[in-house]
Amino acid sequence: MYKVSEFSILTGLSKETLRYYAEVELLDPVFIDPANQYRYYDDGSYLLALLLGKLRGFGLTIQEMKIVMNDQSFTNLEGLLLEKKENIEIQI
């Protein structure tokens, strides 16, 4: 398991972002030590964090990211990415 600081380095997400993602229930730590409130993440969390980083890079909002993360089959992912692509093309 990884502490927040270690996990931040591994994923490229800041500690503040990880705390925020936990607050909005996008990426919860797998364990919080009751003695010191340290948050810990595991390898499964790593994959989810990478996905969240990519989704954010594609311009998805927090709400859109929640939709993707709550849909374990990722059926909405393609539609959201196509919508983002269209928005980018319009902006260009």
# chains A, B, ... in the order shown; residues from 1 in each chain; ligands from 1
>>> residues_around(residues="range 16-19 of chain A", least_positions_apart="6", cutoff="12 Å", atoms="only C-alpha atoms", output="list in words")
Lys3, Val4, Ser5, Glu6, Phe7, Ser8, Ile9, Leu10, Glu25, Leu26, Leu27, Asp28, Pro29, Tyr38, Arg39, Tyr40, Tyr41, Ser45, Tyr46, Leu48, Ala49, Leu50, Leu52, Gly53, Arg56 and Ile62 of chain A
>>> closest_residue(among="A:Gln63, A:Asn87, A:Asn76, A:Thr11", to="Leu47 in chain A", atoms="only C-alpha atoms")
A:Thr11
>>> select_by_dssp(residues="chain A", states="helix (DSSP H, G or I)", output="ChimeraX atom specification")
/A:4-11,15-23,43-57,62-70,77-91
>>> select_by_dssp(residues="chain A", states="strand (DSSP E)", output="JSON, numbers by chain")
{"A": [2, 3, 31, 32, 39, 40, 41]}
>>> write_last_selection(atoms="N, CA and C atoms", output="short mmCIF file (atom, residue, chain, number, x, y, z; two decimals), in the first residue's frame")
data_model
loop_
_atom_site.label_atom_id
_atom_site.label_comp_id
_atom_site.auth_asym_id
_atom_site.auth_seq_id
_atom_site.Cartn_x
_atom_site.Cartn_y
_atom_site.Cartn_z
N TYR A 2 0.32 2.32 -0.53
CA TYR A 2 1.07 3.56 -0.70
C TYR A 2 0.44 4.69 0.10
N LYS A 3 1.27 5.48 0.77
CA LYS A 3 0.80 6.70 1.41
C LYS A 3 0.47 7.71 0.31
N PHE A 31 -7.65 2.37 2.53
CA PHE A 31 -7.53 2.26 3.98
C PHE A 31 -7.16 3.61 4.56
N ILE A 32 -7.81 3.96 5.67
CA ILE A 32 -7.44 5.15 6.43
C ILE A 32 -7.09 4.67 7.83
N ARG A 39 -3.92 8.20 4.76
CA ARG A 39 -4.67 7.53 3.71
C ARG A 39 -3.72 6.64 2.92
N TYR A 40 -4.21 5.47 2.56
CA TYR A 40 -3.40 4.52 1.81
C TYR A 40 -4.15 4.07 0.56
N TYR A 41 -3.38 3.89 -0.50
CA TYR A 41 -3.91 3.43 -1.78
C TYR A 41 -3.19 2.15 -2.17
#
>>> residues_around(residues="Leu55 in chain A", least_positions_apart="3", cutoff="10 Å", atoms="only C-alpha atoms", output="JSON, numbers by chain")
{"A": [49, 50, 51, 52, 58, 59, 60, 61, 62, 64, 65, 68, 77, 80, 81]}
>>> write_last_selection(atoms="all heavy atoms", output="tab-separated table (two decimals), in the first residue's frame")
chain	number	residue	atom	x	y	z
A	49	ALA	N	-6.55	5.82	-10.72
A	49	ALA	CA	-5.96	7.16	-10.71
A	49	ALA	C	-5.42	7.53	-12.10
A	49	ALA	O	-5.58	8.67	-12.55
A	49	ALA	CB	-4.85	7.25	-9.67
A	50	LEU	N	-4.80	6.57	-12.76
A	50	LEU	CA	-4.32	6.83	-14.12
A	50	LEU	C	-5.48	7.14	-15.06
A	50	LEU	O	-5.40	8.05	-15.89
A	50	LEU	CB	-3.52	5.64	-14.65
A	50	LEU	CG	-2.17	5.38	-13.98
A	50	LEU	CD1	-1.49	4.18	-14.63
A	50	LEU	CD2	-1.27	6.60	-14.04
A	51	LEU	N	-6.56	6.38	-14.92
A	51	LEU	CA	-7.74	6.63	-15.74
A	51	LEU	C	-8.29	8.03	-15.47
A	51	LEU	O	-8.60	8.77	-16.41
A	51	LEU	CB	-8.81	5.57	-15.48
A	51	LEU	CG	-10.15	5.78	-16.19
A	51	LEU	CD1	-9.97	5.80	-17.70
A	51	LEU	CD2	-11.14	4.71	-15.78
A	52	LEU	N	-8.39	8.40	-14.21
A	52	LEU	CA	-8.89	9.73	-13.86
A	52	LEU	C	-8.00	10.83	-14.44
A	52	LEU	O	-8.49	11.84	-14.94
A	52	LEU	CB	-9.00	9.88	-12.34
A	52	LEU	CG	-10.13	9.10	-11.69
A	52	LEU	CD1	-9.99	9.15	-10.17
A	52	LEU	CD2	-11.48	9.62	-12.13
A	58	PHE	N	-8.57	14.83	-20.99
A	58	PHE	CA	-9.50	14.94	-22.12
A	58	PHE	C	-10.55	16.03	-21.89
A	58	PHE	O	-11.39	16.27	-22.74
A	58	PHE	CB	-10.21	13.62	-22.39
A	58	PHE	CG	-9.34	12.56	-22.99
A	58	PHE	CD1	-9.38	11.26	-22.50
A	58	PHE	CD2	-8.47	12.83	-24.04
A	58	PHE	CE1	-8.58	10.27	-23.04
A	58	PHE	CE2	-7.67	11.84	-24.59
A	58	PHE	CZ	-7.72	10.56	-24.09
A	59	GLY	N	-10.49	16.65	-20.73
A	59	GLY	CA	-11.40	17.76	-20.45
A	59	GLY	C	-12.71	17.37	-19.81
A	59	GLY	O	-13.64	18.18	-19.78
A	60	LEU	N	-12.82	16.16	-19.29
A	60	LEU	CA	-14.05	15.77	-18.63
A	60	LEU	C	-14.18	16.52	-17.31
A	60	LEU	O	-13.20	16.75	-16.61
A	60	LEU	CB	-14.09	14.26	-18.36
A	60	LEU	CG	-14.68	13.41	-19.49
A	60	LEU	CD1	-13.77	13.37	-20.69
A	60	LEU	CD2	-14.97	12.01	-18.99
A	61	THR	N	-15.42	16.88	-16.98
A	61	THR	CA	-15.69	17.53	-15.71
A	61	THR	C	-15.70	16.47	-14.61
A	61	THR	O	-15.74	15.27	-14.89
A	61	THR	CB	-17.06	18.23	-15.73
A	61	THR	OG1	-18.08	17.23	-15.88
A	61	THR	CG2	-17.15	19.25	-16.86
A	62	ILE	N	-15.72	16.93	-13.37
A	62	ILE	CA	-15.79	16.01	-12.24
A	62	ILE	C	-17.05	15.17	-12.34
A	62	ILE	O	-17.02	13.95	-12.13
A	62	ILE	CB	-15.74	16.78	-10.90
A	62	ILE	CG1	-14.40	17.49	-10.73
A	62	ILE	CG2	-16.04	15.86	-9.73
A	62	ILE	CD1	-13.20	16.56	-10.62
A	64	GLU	N	-18.75	14.34	-15.03
A	64	GLU	CA	-18.60	13.37	-16.12
A	64	GLU	C	-17.67	12.24	-15.69
A	64	GLU	O	-17.92	11.08	-16.02
A	64	GLU	CB	-18.06	14.06	-17.37
A	64	GLU	CG	-19.06	14.99	-18.02
A	64	GLU	CD	-18.46	15.87	-19.09
A	64	GLU	OE1	-17.27	16.23	-18.99
A	64	GLU	OE2	-19.20	16.21	-20.04
A	65	MET	N	-16.63	12.57	-14.95
A	65	MET	CA	-15.72	11.54	-14.47
A	65	MET	C	-16.44	10.61	-13.50
A	65	MET	O	-16.21	9.40	-13.50
A	65	MET	CB	-14.49	12.18	-13.81
A	65	MET	CG	-13.58	12.86	-14.82
A	65	MET	SD	-12.32	13.97	-14.15
A	65	MET	CE	-11.52	13.03	-12.91
A	68	VAL	N	-18.41	8.06	-15.48
A	68	VAL	CA	-17.54	7.01	-16.01
A	68	VAL	C	-17.13	6.04	-14.91
A	68	VAL	O	-17.19	4.82	-15.07
A	68	VAL	CB	-16.28	7.63	-16.67
A	68	VAL	CG1	-15.26	6.55	-17.01
A	68	VAL	CG2	-16.67	8.40	-17.92
A	77	LEU	N	-18.43	5.82	-21.57
A	77	LEU	CA	-17.13	6.44	-21.83
A	77	LEU	C	-16.97	6.86	-23.28
A	77	LEU	O	-16.56	7.98	-23.57
A	77	LEU	CB	-16.00	5.49	-21.43
A	77	LEU	CG	-14.58	5.99	-21.64
A	77	LEU	CD1	-14.34	7.28	-20.88
A	77	LEU	CD2	-13.58	4.93	-21.21
A	80	LEU	N	-19.02	10.01	-24.06
A	80	LEU	CA	-18.44	11.22	-23.46
A	80	LEU	C	-17.19	11.68	-24.20
A	80	LEU	O	-17.00	12.87	-24.44
A	80	LEU	CB	-18.09	10.97	-21.99
A	80	LEU	CG	-19.26	10.97	-21.01
A	80	LEU	CD1	-18.82	10.48	-19.64
A	80	LEU	CD2	-19.87	12.35	-20.90
A	81	LEU	N	-16.35	10.72	-24.60
A	81	LEU	CA	-15.13	11.09	-25.31
A	81	LEU	C	-15.45	11.64	-26.70
A	81	LEU	O	-14.81	12.60	-27.16
A	81	LEU	CB	-14.19	9.88	-25.41
A	81	LEU	CG	-13.57	9.44	-24.09
A	81	LEU	CD1	-12.72	8.19	-24.29
A	81	LEU	CD2	-12.76	10.55	-23.45
>>> closest_residue(among="A:Met69, A:Met1, A:Ala22, A:Leu13", to="Asp42 in chain A", atoms="only C-alpha atoms")
A:Met1
